[in-house]
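Peer 1: Here you go, this is query-v7.cif (mmCIF, N, CA and C atoms).
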data_data
#
loop_
_atom_site.group_PDB
_atom_site.id
_atom_site.type_symbol
_atom_site.label_atom_id
_atom_site.label_comp_id
_atom_site.auth_asym_id
_atom_site.auth_seq_id
_atom_site.Cartn_x
_atom_site.Cartn_y
_atom_site.Cartn_z
ATOM 1 N N MET A 1 11.257 -25.405 18.968
ATOM 2 C CA MET A 1 11.663 -24.154 19.559
ATOM 3 C C MET A 1 11.446 -23.034 18.545
ATOM 4 N N ALA A 2 10.772 -22.001 18.945
ATOM 5 C CA ALA A 2 10.512 -20.869 18.059
ATOM 6 C C ALA A 2 11.526 -19.764 18.321
ATOM 7 N N PHE A 3 12.016 -19.185 17.264
ATOM 8 C CA PHE A 3 12.947 -18.076 17.375
ATOM 9 C C PHE A 3 12.192 -16.770 17.202
ATOM 10 N N PRO A 4 12.568 -15.723 17.961
ATOM 11 C CA PRO A 4 11.881 -14.446 17.792
ATOM 12 C C PRO A 4 12.146 -13.890 16.400
ATOM 13 N N ARG A 5 11.147 -13.290 15.823
ATOM 14 C CA ARG A 5 11.265 -12.720 14.491
ATOM 15 C C ARG A 5 11.251 -11.209 14.593
ATOM 16 N N PHE A 6 11.872 -10.566 13.613
ATOM 17 C CA PHE A 6 11.894 -9.109 13.577
ATOM 18 C C PHE A 6 10.489 -8.589 13.348
ATOM 19 N N ASP A 7 10.083 -7.639 14.170
ATOM 20 C CA ASP A 7 8.774 -7.007 14.049
ATOM 21 C C ASP A 7 8.871 -5.900 13.006
ATOM 22 N N HIS A 8 8.137 -6.017 11.921
ATOM 23 C CA HIS A 8 8.221 -5.057 10.828
ATOM 24 C C HIS A 8 7.301 -3.841 11.015
ATOM 25 N N SER A 9 6.745 -3.674 12.187
ATOM 26 C CA SER A 9 5.887 -2.515 12.418
ATOM 27 C C SER A 9 6.731 -1.255 12.497
ATOM 28 N N ASP A 10 6.100 -0.105 12.407
ATOM 29 C CA ASP A 10 6.808 1.172 12.460
ATOM 30 C C ASP A 10 7.487 1.408 13.802
ATOM 31 N N GLU A 11 7.054 0.723 14.842
ATOM 32 C CA GLU A 11 7.605 0.926 16.178
ATOM 33 C C GLU A 11 8.926 0.200 16.383
ATOM 34 N N ALA A 12 9.225 -0.786 15.552
ATOM 35 C CA ALA A 12 10.408 -1.609 15.755
ATOM 36 C C ALA A 12 11.613 -1.026 15.018
ATOM 37 N N ALA A 13 12.771 -1.148 15.629
ATOM 38 C CA ALA A 13 14.020 -0.741 14.979
ATOM 39 C C ALA A 13 14.516 -1.906 14.135
ATOM 40 N N PRO A 14 15.210 -1.616 13.031
ATOM 41 C CA PRO A 14 15.780 -2.707 12.234
ATOM 42 C C PRO A 14 16.858 -3.436 13.025
ATOM 43 N N PRO A 15 17.206 -4.649 12.608
ATOM 44 C CA PRO A 15 18.254 -5.386 13.322
ATOM 45 C C PRO A 15 19.585 -4.626 13.298
ATOM 46 N N ILE A 16 20.381 -4.809 14.315
ATOM 47 C CA ILE A 16 21.668 -4.135 14.403
ATOM 48 C C ILE A 16 22.634 -4.798 13.424
ATOM 49 N N PRO A 17 23.240 -4.025 12.520
ATOM 50 C CA PRO A 17 24.159 -4.626 11.548
ATOM 51 C C PRO A 17 25.484 -5.002 12.194
ATOM 52 N N TYR A 18 26.185 -5.945 11.561
ATOM 53 C CA TYR A 18 27.520 -6.320 12.010
ATOM 54 C C TYR A 18 28.509 -5.292 11.469
ATOM 55 N N LEU A 19 29.327 -4.735 12.328
ATOM 56 C CA LEU A 19 30.329 -3.758 11.913
ATOM 57 C C LEU A 19 31.711 -4.318 12.227
ATOM 58 N N HIS A 20 32.487 -4.535 11.196
ATOM 59 C CA HIS A 20 33.811 -5.127 11.356
ATOM 60 C C HIS A 20 34.777 -4.192 12.068
ATOM 61 N N ASP A 21 34.668 -2.897 11.776
ATOM 62 C CA ASP A 21 35.584 -1.940 12.379
ATOM 63 C C ASP A 21 34.984 -0.535 12.354
ATOM 64 N N ARG A 22 35.695 0.392 12.930
ATOM 65 C CA ARG A 22 35.257 1.784 13.009
ATOM 66 C C ARG A 22 35.113 2.408 11.619
ATOM 67 N N GLY A 23 35.844 1.888 10.648
ATOM 68 C CA GLY A 23 35.790 2.422 9.287
ATOM 69 C C GLY A 23 34.394 2.370 8.686
ATOM 70 N N ALA A 24 33.602 1.376 9.062
ATOM 71 C CA ALA A 24 32.231 1.273 8.564
ATOM 72 C C ALA A 24 31.385 2.438 9.069
ATOM 73 N N VAL A 25 31.571 2.803 10.323
ATOM 74 C CA VAL A 25 30.840 3.941 10.893
ATOM 75 C C VAL A 25 31.289 5.239 10.221
ATOM 76 N N ASP A 26 32.601 5.372 9.994
ATOM 77 C CA ASP A 26 33.123 6.556 9.307
ATOM 78 C C ASP A 26 32.583 6.653 7.884
ATOM 79 N N ALA A 27 32.514 5.512 7.185
ATOM 80 C CA ALA A 27 31.987 5.504 5.825
ATOM 81 C C ALA A 27 30.511 5.894 5.808
ATOM 82 N N ALA A 28 29.744 5.391 6.783
ATOM 83 C CA ALA A 28 28.322 5.743 6.877
ATOM 84 C C ALA A 28 28.162 7.238 7.139
ATOM 85 N N ALA A 29 28.959 7.767 8.056
ATOM 86 C CA ALA A 29 28.890 9.201 8.371
ATOM 87 C C ALA A 29 29.262 10.044 7.153
ATOM 88 N N ASP A 30 30.269 9.603 6.408
ATOM 89 C CA ASP A 30 30.681 10.330 5.207
ATOM 90 C C ASP A 30 29.570 10.335 4.156
ATOM 91 N N LEU A 31 28.932 9.189 3.953
ATOM 92 C CA LEU A 31 27.836 9.126 2.981
ATOM 93 C C LEU A 31 26.661 10.000 3.418
ATOM 94 N N ILE A 32 26.357 9.991 4.702
ATOM 95 C CA ILE A 32 25.263 10.828 5.212
ATOM 96 C C ILE A 32 25.597 12.299 5.010
ATOM 97 N N LEU A 33 26.840 12.669 5.254
ATOM 98 C CA LEU A 33 27.274 14.055 5.076
ATOM 99 C C LEU A 33 27.174 14.478 3.607
ATOM 100 N N ARG A 34 27.620 13.598 2.699
ATOM 101 C CA ARG A 34 27.648 13.955 1.278
ATOM 102 C C ARG A 34 26.312 13.794 0.570
ATOM 103 N N PHE A 35 25.496 12.802 0.974
ATOM 104 C CA PHE A 35 24.286 12.486 0.219
ATOM 105 C C PHE A 35 22.991 12.704 0.999
ATOM 106 N N GLY A 36 23.091 13.042 2.277
ATOM 107 C CA GLY A 36 21.891 13.308 3.076
ATOM 108 C C GLY A 36 20.933 12.135 3.086
ATOM 109 N N ASP A 37 19.675 12.392 2.765
ATOM 110 C CA ASP A 37 18.643 11.361 2.792
ATOM 111 C C ASP A 37 18.882 10.242 1.783
ATOM 112 N N ASP A 38 19.715 10.486 0.788
ATOM 113 C CA ASP A 38 19.998 9.481 -0.238
ATOM 114 C C ASP A 38 21.231 8.638 0.088
ATOM 115 N N ALA A 39 21.771 8.762 1.290
ATOM 116 C CA ALA A 39 22.990 8.037 1.667
ATOM 117 C C ALA A 39 22.799 6.525 1.591
ATOM 118 N N GLY A 40 21.653 6.041 2.009
ATOM 119 C CA GLY A 40 21.383 4.604 1.938
ATOM 120 C C GLY A 40 21.375 4.096 0.512
ATOM 121 N N PHE A 41 20.821 4.903 -0.403
ATOM 122 C CA PHE A 41 20.811 4.520 -1.817
ATOM 123 C C PHE A 41 22.228 4.478 -2.380
ATOM 124 N N GLU A 42 23.058 5.397 -1.962
ATOM 125 C CA GLU A 42 24.446 5.422 -2.418
ATOM 126 C C GLU A 42 25.201 4.196 -1.900
ATOM 127 N N ALA A 43 24.980 3.835 -0.642
ATOM 128 C CA ALA A 43 25.620 2.628 -0.095
ATOM 129 C C ALA A 43 25.149 1.390 -0.851
ATOM 130 N N ALA A 44 23.866 1.341 -1.186
ATOM 131 C CA ALA A 44 23.336 0.210 -1.959
ATOM 132 C C ALA A 44 23.979 0.156 -3.343
ATOM 133 N N ALA A 45 24.178 1.314 -3.960
ATOM 134 C CA ALA A 45 24.826 1.361 -5.274
ATOM 135 C C ALA A 45 26.276 0.890 -5.191
ATOM 136 N N LEU A 46 26.969 1.275 -4.122
ATOM 137 C CA LEU A 46 28.350 0.827 -3.935
ATOM 138 C C LEU A 46 28.400 -0.687 -3.695
ATOM 139 N N ALA A 47 27.425 -1.213 -2.974
ATOM 140 C CA ALA A 47 27.349 -2.661 -2.763
ATOM 141 C C ALA A 47 27.119 -3.374 -4.090
ATOM 142 N N GLU A 48 26.215 -2.853 -4.886
ATOM 143 C CA GLU A 48 25.918 -3.445 -6.196
ATOM 144 C C GLU A 48 27.147 -3.413 -7.102
ATOM 145 N N ARG A 49 27.871 -2.314 -7.055
ATOM 146 C CA ARG A 49 29.096 -2.184 -7.857
ATOM 147 C C ARG A 49 30.119 -3.235 -7.426
ATOM 148 N N SER A 50 30.285 -3.407 -6.126
ATOM 149 C CA SER A 50 31.212 -4.421 -5.626
ATOM 150 C C SER A 50 30.798 -5.812 -6.081
ATOM 151 N N ARG A 51 29.498 -6.093 -6.014
ATOM 152 C CA ARG A 51 29.013 -7.413 -6.444
ATOM 153 C C ARG A 51 29.274 -7.624 -7.928
ATOM 154 N N ASN A 52 29.027 -6.599 -8.732
ATOM 155 C CA ASN A 52 29.258 -6.717 -10.173
ATOM 156 C C ASN A 52 30.727 -6.948 -10.505
ATOM 157 N N LEU A 53 31.614 -6.453 -9.650
ATOM 158 C CA LEU A 53 33.050 -6.657 -9.840
ATOM 159 C C LEU A 53 33.538 -7.980 -9.252
ATOM 160 N N GLY A 54 32.628 -8.730 -8.626
ATOM 161 C CA GLY A 54 32.987 -10.005 -8.025
ATOM 162 C C GLY A 54 33.630 -9.864 -6.653
ATOM 163 N N ASN A 55 33.471 -8.709 -6.034
ATOM 164 C CA ASN A 55 34.073 -8.442 -4.728
ATOM 165 C C ASN A 55 33.033 -8.714 -3.636
ATOM 166 N N ALA A 56 32.993 -9.952 -3.175
ATOM 167 C CA ALA A 56 31.992 -10.346 -2.174
ATOM 168 C C ALA A 56 32.206 -9.625 -0.850
ATOM 169 N N ILE A 57 33.459 -9.434 -0.460
ATOM 170 C CA ILE A 57 33.743 -8.761 0.811
ATOM 171 C C ILE A 57 33.281 -7.303 0.754
ATOM 172 N N GLY A 58 33.587 -6.622 -0.346
ATOM 173 C CA GLY A 58 33.127 -5.242 -0.516
ATOM 174 C C GLY A 58 31.613 -5.154 -0.544
ATOM 175 N N PHE A 59 30.977 -6.126 -1.213
ATOM 176 C CA PHE A 59 29.514 -6.156 -1.262
ATOM 177 C C PHE A 59 28.936 -6.249 0.148
ATOM 178 N N CYS A 60 29.434 -7.196 0.942
ATOM 179 C CA CYS A 60 28.920 -7.374 2.308
ATOM 180 C C CYS A 60 29.184 -6.142 3.158
ATOM 181 N N ARG A 61 30.342 -5.532 3.007
ATOM 182 C CA ARG A 61 30.685 -4.332 3.783
ATOM 183 C C ARG A 61 29.705 -3.197 3.477
ATOM 184 N N TRP A 62 29.463 -2.941 2.194
ATOM 185 C CA TRP A 62 28.568 -1.839 1.834
ATOM 186 C C TRP A 62 27.120 -2.125 2.202
ATOM 187 N N ARG A 63 26.714 -3.395 2.162
ATOM 188 C CA ARG A 63 25.352 -3.732 2.586
ATOM 189 C C ARG A 63 25.178 -3.460 4.082
ATOM 190 N N GLN A 64 26.196 -3.777 4.884
ATOM 191 C CA GLN A 64 26.114 -3.509 6.319
ATOM 192 C C GLN A 64 26.129 -1.999 6.579
ATOM 193 N N ILE A 65 26.893 -1.263 5.804
ATOM 194 C CA ILE A 65 26.893 0.200 5.939
ATOM 195 C C ILE A 65 25.525 0.750 5.569
ATOM 196 N N GLU A 66 24.923 0.197 4.529
ATOM 197 C CA GLU A 66 23.559 0.612 4.154
ATOM 198 C C GLU A 66 22.591 0.360 5.316
ATOM 199 N N ARG A 67 22.687 -0.798 5.935
ATOM 200 C CA ARG A 67 21.822 -1.119 7.079
ATOM 201 C C ARG A 67 22.069 -0.176 8.251
ATOM 202 N N LEU A 68 23.330 0.185 8.471
ATOM 203 C CA LEU A 68 23.661 1.127 9.542
ATOM 204 C C LEU A 68 23.029 2.490 9.266
ATOM 205 N N ILE A 69 23.087 2.943 8.037
ATOM 206 C CA ILE A 69 22.496 4.233 7.677
ATOM 207 C C ILE A 69 20.989 4.212 7.930
ATOM 208 N N VAL A 70 20.339 3.131 7.540
ATOM 209 C CA VAL A 70 18.890 3.007 7.779
ATOM 210 C C VAL A 70 18.606 3.033 9.271
ATOM 211 N N LEU A 71 19.421 2.332 10.043
ATOM 212 C CA LEU A 71 19.239 2.296 11.494
ATOM 213 C C LEU A 71 19.426 3.685 12.100
ATOM 214 N N LEU A 72 20.452 4.401 11.663
ATOM 215 C CA LEU A 72 20.693 5.749 12.185
ATOM 216 C C LEU A 72 19.570 6.716 11.800
ATOM 217 N N ALA A 73 18.940 6.475 10.662
ATOM 218 C CA ALA A 73 17.861 7.352 10.198
ATOM 219 C C ALA A 73 16.604 7.233 11.055
ATOM 220 N N THR A 74 16.486 6.151 11.846
ATOM 221 C CA THR A 74 15.297 6.015 12.687
ATOM 222 C C THR A 74 15.279 7.057 13.794
ATOM 223 N N GLY A 75 16.479 7.524 14.202
ATOM 224 C CA GLY A 75 16.553 8.536 15.241
ATOM 225 C C GLY A 75 16.198 8.021 16.627
ATOM 226 N N ARG A 76 16.220 6.711 16.811
ATOM 227 C CA ARG A 76 15.860 6.111 18.084
ATOM 228 C C ARG A 76 17.031 5.334 18.655
ATOM 229 N N SER A 77 16.997 5.124 19.957
ATOM 230 C CA SER A 77 17.985 4.264 20.606
ATOM 231 C C SER A 77 17.672 2.813 20.265
ATOM 232 N N PHE A 78 18.714 1.998 20.227
ATOM 233 C CA PHE A 78 18.517 0.586 19.945
ATOM 234 C C PHE A 78 19.555 -0.209 20.720
ATOM 235 N N GLY A 79 19.299 -1.486 20.871
ATOM 236 C CA GLY A 79 20.220 -2.332 21.616
ATOM 237 C C GLY A 79 20.178 -2.010 23.096
ATOM 238 N N THR A 80 21.225 -2.384 23.792
ATOM 239 C CA THR A 80 21.311 -2.133 25.216
ATOM 240 C C THR A 80 21.743 -0.691 25.460
ATOM 241 N N VAL A 81 20.984 0.019 26.254
ATOM 242 C CA VAL A 81 21.291 1.417 26.568
ATOM 243 C C VAL A 81 21.622 1.491 28.051
ATOM 244 N N HIS A 82 22.805 2.005 28.360
ATOM 245 C CA HIS A 82 23.252 2.107 29.759
ATOM 246 C C HIS A 82 23.104 3.531 30.249
#
For this file, write the structure as structure tokens.

Peer 2:
Amino acid sequence: MAFPRFDHSDEAAPPIPYLHDRGAVDAAADLILRFGDDAGFEAAALAERSRNLGNAIGFCRWRQIERLIVLLATGRSFGTVH
């Protein structure tokens, strides 16, 4: 059985990140507001900082926020649209 793979072409949206709660969306919006186009880099830096401190949960949270920022930067609809 073959599983569908993510299409890395420019036309495809990145996979939808897992968001534990509304706070992740608020954190992404705050980073976008404060850092603009560099918000994803800031989220990656926060994830790296969490990993260096041994905080696996914080690392995973910031990585998902980074993915959300990248997804929002595409400016396209994704997932099921009603």

Peer 1: Identify all residues of chain A in alpha helix (DSSP H) (DSSP on the backbone) and supply them as number ranges by chain.

Peer 2: A: 22-35, 39-52, 56-73

Peer 1: Might you pull out every residue within 8 Å of Ala24 in chain A, with only N, CA and C atoms counted and same-chain residues fewer than 3 positions away left off, and present them as a VMD selection string?

Peer 2: chain A and resid 19 to 21 27 to 30 61 64 to 65 68

Peer 1: CA of Gly40 in chain A and CA of Arg63 in chain A are how many Å apart?

Peer 2: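 The value is 9.3 Å.
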
Peer 1: Listing only residues of range 48-76 of chain A within 8 Å of range 31-39 of chain A, what is the closest atom pair and its distance in Å (to one decimal) for each, using all atoms listed in the file, sorted by chain and residue number ascending, as a tab-separated table?

Peer 2:
residue	atom	partner	partner_atom	distance
A:Ile65	C	A:Ala39	C	7.5
A:Glu66	CA	A:Ala39	C	6.5
A:Ile69	CA	A:Ala39	C	6.5
A:Val70	N	A:Ala39	C	7.3

Peer 1: Between atom N of Cys60 in chain A and atom C of Ala45 in chain A, what is the distance in Å, rounded to a tenth?

Peer 2: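 Interatomic distance here is 10.6 Å.
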
Peer 1: Which distance in Å separates CA of Ile57 in chain A and atom C of Ala44 in chain A, to one decimal?

Peer 2: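 For CA of Ile57 in chain A relative to atom C of Ala44 in chain A, the distance reads 13.9 Å.
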
Peer 1: Excluding same-chain residues fewer than 6 positions from Ala47 in chain A, what lies within 6 Å of it counting only N, CA and C atoms, as a list in words?

Peer 2: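 These residues fall inside the cut-off: Gly58, Phe59, Trp62 and Arg63 of chain A.
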
Peer 1: Please enclose the listed atoms of range 18-37 of chain A in an axis-aligned box, pad each side by 8 Å, and write out the centre and the three edge lengths in Å, rounded to one decimal, as lines of an AutoDock Vina configuration file.

Peer 2:
center_x = 27.2
center_y = 4.1
center_z = 6.6
size_x = 33.2
size_y = 36.8
size_z = 28.8

Peer 1: Write only N, CA and C atoms for range 23-65 of chain A from the block just shown, as a PDB file, in the first residue's frame.

Peer 2:
ATOM      1  N   GLY A  23      -3.582  29.088  21.986  1.00  0.00           N
ATOM      2  CA  GLY A  23      -2.367  29.821  22.338  1.00  0.00           C
ATOM      3  C   GLY A  23      -1.296  29.745  21.261  1.00  0.00           C
ATOM      4  N   ALA A  24      -1.240  28.640  20.530  1.00  0.00           N
ATOM      5  CA  ALA A  24      -0.268  28.499  19.448  1.00  0.00           C
ATOM      6  C   ALA A  24      -0.560  29.494  18.328  1.00  0.00           C
ATOM      7  N   VAL A  25      -1.829  29.673  18.013  1.00  0.00           N
ATOM      8  CA  VAL A  25      -2.220  30.641  16.982  1.00  0.00           C
ATOM      9  C   VAL A  25      -1.911  32.062  17.456  1.00  0.00           C
ATOM     10  N   ASP A  26      -2.195  32.341  18.733  1.00  0.00           N
ATOM     11  CA  ASP A  26      -1.888  33.658  19.296  1.00  0.00           C
ATOM     12  C   ASP A  26      -0.387  33.929  19.279  1.00  0.00           C
ATOM     13  N   ALA A  27       0.415  32.910  19.615  1.00  0.00           N
ATOM     14  CA  ALA A  27       1.865  33.070  19.602  1.00  0.00           C
ATOM     15  C   ALA A  27       2.374  33.330  18.186  1.00  0.00           C
ATOM     16  N   ALA A  28       1.811  32.616  17.203  1.00  0.00           N
ATOM     17  CA  ALA A  28       2.202  32.826  15.804  1.00  0.00           C
ATOM     18  C   ALA A  28       1.847  34.244  15.361  1.00  0.00           C
ATOM     19  N   ALA A  29       0.648  34.689  15.707  1.00  0.00           N
ATOM     20  CA  ALA A  29       0.218  36.044  15.338  1.00  0.00           C
ATOM     21  C   ALA A  29       1.110  37.096  15.993  1.00  0.00           C
ATOM     22  N   ASP A  30       1.481  36.865  17.248  1.00  0.00           N
ATOM     23  CA  ASP A  30       2.358  37.803  17.950  1.00  0.00           C
ATOM     24  C   ASP A  30       3.734  37.878  17.286  1.00  0.00           C
ATOM     25  N   LEU A  31       4.285  36.727  16.921  1.00  0.00           N
ATOM     26  CA  LEU A  31       5.590  36.723  16.253  1.00  0.00           C
ATOM     27  C   LEU A  31       5.515  37.414  14.893  1.00  0.00           C
ATOM     28  N   ILE A  32       4.441  37.178  14.163  1.00  0.00           N
ATOM     29  CA  ILE A  32       4.272  37.829  12.857  1.00  0.00           C
ATOM     30  C   ILE A  32       4.168  39.337  13.037  1.00  0.00           C
ATOM     31  N   LEU A  33       3.446  39.768  14.054  1.00  0.00           N
ATOM     32  CA  LEU A  33       3.293  41.198  14.330  1.00  0.00           C
ATOM     33  C   LEU A  33       4.638  41.835  14.692  1.00  0.00           C
ATOM     34  N   ARG A  34       5.416  41.149  15.542  1.00  0.00           N
ATOM     35  CA  ARG A  34       6.677  41.724  16.016  1.00  0.00           C
ATOM     36  C   ARG A  34       7.837  41.562  15.047  1.00  0.00           C
ATOM     37  N   PHE A  35       7.876  40.453  14.284  1.00  0.00           N
ATOM     38  CA  PHE A  35       9.051  40.157  13.468  1.00  0.00           C
ATOM     39  C   PHE A  35       8.778  40.139  11.966  1.00  0.00           C
ATOM     40  N   GLY A  36       7.521  40.280  11.567  1.00  0.00           N
ATOM     41  CA  GLY A  36       7.190  40.314  10.139  1.00  0.00           C
ATOM     42  C   GLY A  36       7.665  39.077   9.407  1.00  0.00           C
ATOM     43  N   ASP A  37       8.392  39.272   8.318  1.00  0.00           N
ATOM     44  CA  ASP A  37       8.862  38.165   7.491  1.00  0.00           C
ATOM     45  C   ASP A  37       9.836  37.241   8.218  1.00  0.00           C
ATOM     46  N   ASP A  38      10.423  37.709   9.304  1.00  0.00           N
ATOM     47  CA  ASP A  38      11.383  36.904  10.062  1.00  0.00           C
ATOM     48  C   ASP A  38      10.729  36.129  11.206  1.00  0.00           C
ATOM     49  N   ALA A  39       9.407  36.110  11.270  1.00  0.00           N
ATOM     50  CA  ALA A  39       8.698  35.442  12.367  1.00  0.00           C
ATOM     51  C   ALA A  39       9.011  33.949  12.422  1.00  0.00           C
ATOM     52  N   GLY A  40       9.098  33.310  11.280  1.00  0.00           N
ATOM     53  CA  GLY A  40       9.428  31.884  11.250  1.00  0.00           C
ATOM     54  C   GLY A  40      10.807  31.607  11.809  1.00  0.00           C
ATOM     55  N   PHE A  41      11.762  32.496  11.505  1.00  0.00           N
ATOM     56  CA  PHE A  41      13.116  32.340  12.041  1.00  0.00           C
ATOM     57  C   PHE A  41      13.124  32.507  13.558  1.00  0.00           C
ATOM     58  N   GLU A  42      12.329  33.417  14.056  1.00  0.00           N
ATOM     59  CA  GLU A  42      12.241  33.631  15.499  1.00  0.00           C
ATOM     60  C   GLU A  42      11.629  32.409  16.185  1.00  0.00           C
ATOM     61  N   ALA A  43      10.588  31.839  15.590  1.00  0.00           N
ATOM     62  CA  ALA A  43       9.988  30.620  16.156  1.00  0.00           C
ATOM     63  C   ALA A  43      11.001  29.480  16.153  1.00  0.00           C
ATOM     64  N   ALA A  44      11.784  29.374  15.086  1.00  0.00           N
ATOM     65  CA  ALA A  44      12.822  28.336  15.019  1.00  0.00           C
ATOM     66  C   ALA A  44      13.872  28.555  16.105  1.00  0.00           C
ATOM     67  N   ALA A  45      14.236  29.807  16.348  1.00  0.00           N
ATOM     68  CA  ALA A  45      15.209  30.115  17.401  1.00  0.00           C
ATOM     69  C   ALA A  45      14.658  29.763  18.780  1.00  0.00           C
ATOM     70  N   LEU A  46      13.372  30.034  18.997  1.00  0.00           N
ATOM     71  CA  LEU A  46      12.748  29.681  20.273  1.00  0.00           C
ATOM     72  C   LEU A  46      12.682  28.159  20.443  1.00  0.00           C
ATOM     73  N   ALA A  47      12.432  27.445  19.358  1.00  0.00           N
ATOM     74  CA  ALA A  47      12.432  25.981  19.411  1.00  0.00           C
ATOM     75  C   ALA A  47      13.823  25.466  19.758  1.00  0.00           C
ATOM     76  N   GLU A  48      14.828  26.026  19.126  1.00  0.00           N
ATOM     77  CA  GLU A  48      16.215  25.623  19.390  1.00  0.00           C
ATOM     78  C   GLU A  48      16.600  25.902  20.841  1.00  0.00           C
ATOM     79  N   ARG A  49      16.166  27.037  21.347  1.00  0.00           N
ATOM     80  CA  ARG A  49      16.445  27.395  22.744  1.00  0.00           C
ATOM     81  C   ARG A  49      15.794  26.382  23.685  1.00  0.00           C
ATOM     82  N   SER A  50      14.553  26.023  23.409  1.00  0.00           N
ATOM     83  CA  SER A  50      13.870  25.027  24.231  1.00  0.00           C
ATOM     84  C   SER A  50      14.601  23.694  24.196  1.00  0.00           C
ATOM     85  N   ARG A  51      15.045  23.295  23.005  1.00  0.00           N
ATOM     86  CA  ARG A  51      15.771  22.022  22.886  1.00  0.00           C
ATOM     87  C   ARG A  51      17.072  22.069  23.674  1.00  0.00           C
ATOM     88  N   ASN A  52      17.787  23.182  23.586  1.00  0.00           N
ATOM     89  CA  ASN A  52      19.047  23.311  24.320  1.00  0.00           C
ATOM     90  C   ASN A  52      18.845  23.261  25.829  1.00  0.00           C
ATOM     91  N   LEU A  53      17.674  23.690  26.286  1.00  0.00           N
ATOM     92  CA  LEU A  53      17.350  23.642  27.711  1.00  0.00           C
ATOM     93  C   LEU A  53      16.781  22.291  28.138  1.00  0.00           C
ATOM     94  N   GLY A  54      16.620  21.376  27.178  1.00  0.00           N
ATOM     95  CA  GLY A  54      16.080  20.059  27.475  1.00  0.00           C
ATOM     96  C   GLY A  54      14.562  20.038  27.573  1.00  0.00           C
ATOM     97  N   ASN A  55      13.916  21.065  27.052  1.00  0.00           N
ATOM     98  CA  ASN A  55      12.458  21.175  27.118  1.00  0.00           C
ATOM     99  C   ASN A  55      11.860  20.647  25.809  1.00  0.00           C
ATOM    100  N   ALA A  56      11.591  19.353  25.780  1.00  0.00           N
ATOM    101  CA  ALA A  56      11.077  18.724  24.556  1.00  0.00           C
ATOM    102  C   ALA A  56       9.693  19.245  24.194  1.00  0.00           C
ATOM    103  N   ILE A  57       8.853  19.478  25.194  1.00  0.00           N
ATOM    104  CA  ILE A  57       7.498  19.967  24.921  1.00  0.00           C
ATOM    105  C   ILE A  57       7.551  21.371  24.315  1.00  0.00           C
ATOM    106  N   GLY A  58       8.378  22.239  24.890  1.00  0.00           N
ATOM    107  CA  GLY A  58       8.544  23.584  24.334  1.00  0.00           C
ATOM    108  C   GLY A  58       9.112  23.545  22.929  1.00  0.00           C
ATOM    109  N   PHE A  59      10.074  22.639  22.705  1.00  0.00           N
ATOM    110  CA  PHE A  59      10.657  22.492  21.370  1.00  0.00           C
ATOM    111  C   PHE A  59       9.575  22.131  20.355  1.00  0.00           C
ATOM    112  N   CYS A  60       8.768  21.117  20.668  1.00  0.00           N
ATOM    113  CA  CYS A  60       7.714  20.685  19.739  1.00  0.00           C
ATOM    114  C   CYS A  60       6.691  21.787  19.519  1.00  0.00           C
ATOM    115  N   ARG A  61       6.338  22.510  20.562  1.00  0.00           N
ATOM    116  CA  ARG A  61       5.358  23.599  20.446  1.00  0.00           C
ATOM    117  C   ARG A  61       5.867  24.679  19.489  1.00  0.00           C
ATOM    118  N   TRP A  62       7.112  25.111  19.678  1.00  0.00           N
ATOM    119  CA  TRP A  62       7.644  26.176  18.824  1.00  0.00           C
ATOM    120  C   TRP A  62       7.865  25.712  17.392  1.00  0.00           C
ATOM    121  N   ARG A  63       8.197  24.434  17.203  1.00  0.00           N
ATOM    122  CA  ARG A  63       8.341  23.920  15.838  1.00  0.00           C
ATOM    123  C   ARG A  63       6.990  23.939  15.117  1.00  0.00           C
ATOM    124  N   GLN A  64       5.915  23.589  15.824  1.00  0.00           N
ATOM    125  CA  GLN A  64       4.588  23.621  15.210  1.00  0.00           C
ATOM    126  C   GLN A  64       4.168  25.067  14.928  1.00  0.00           C
ATOM    127  N   ILE A  65       4.521  25.979  15.807  1.00  0.00           N
ATOM    128  CA  ILE A  65       4.228  27.396  15.561  1.00  0.00           C
ATOM    129  C   ILE A  65       5.006  27.879  14.346  1.00  0.00           C
TER     130      ILE A  65
END
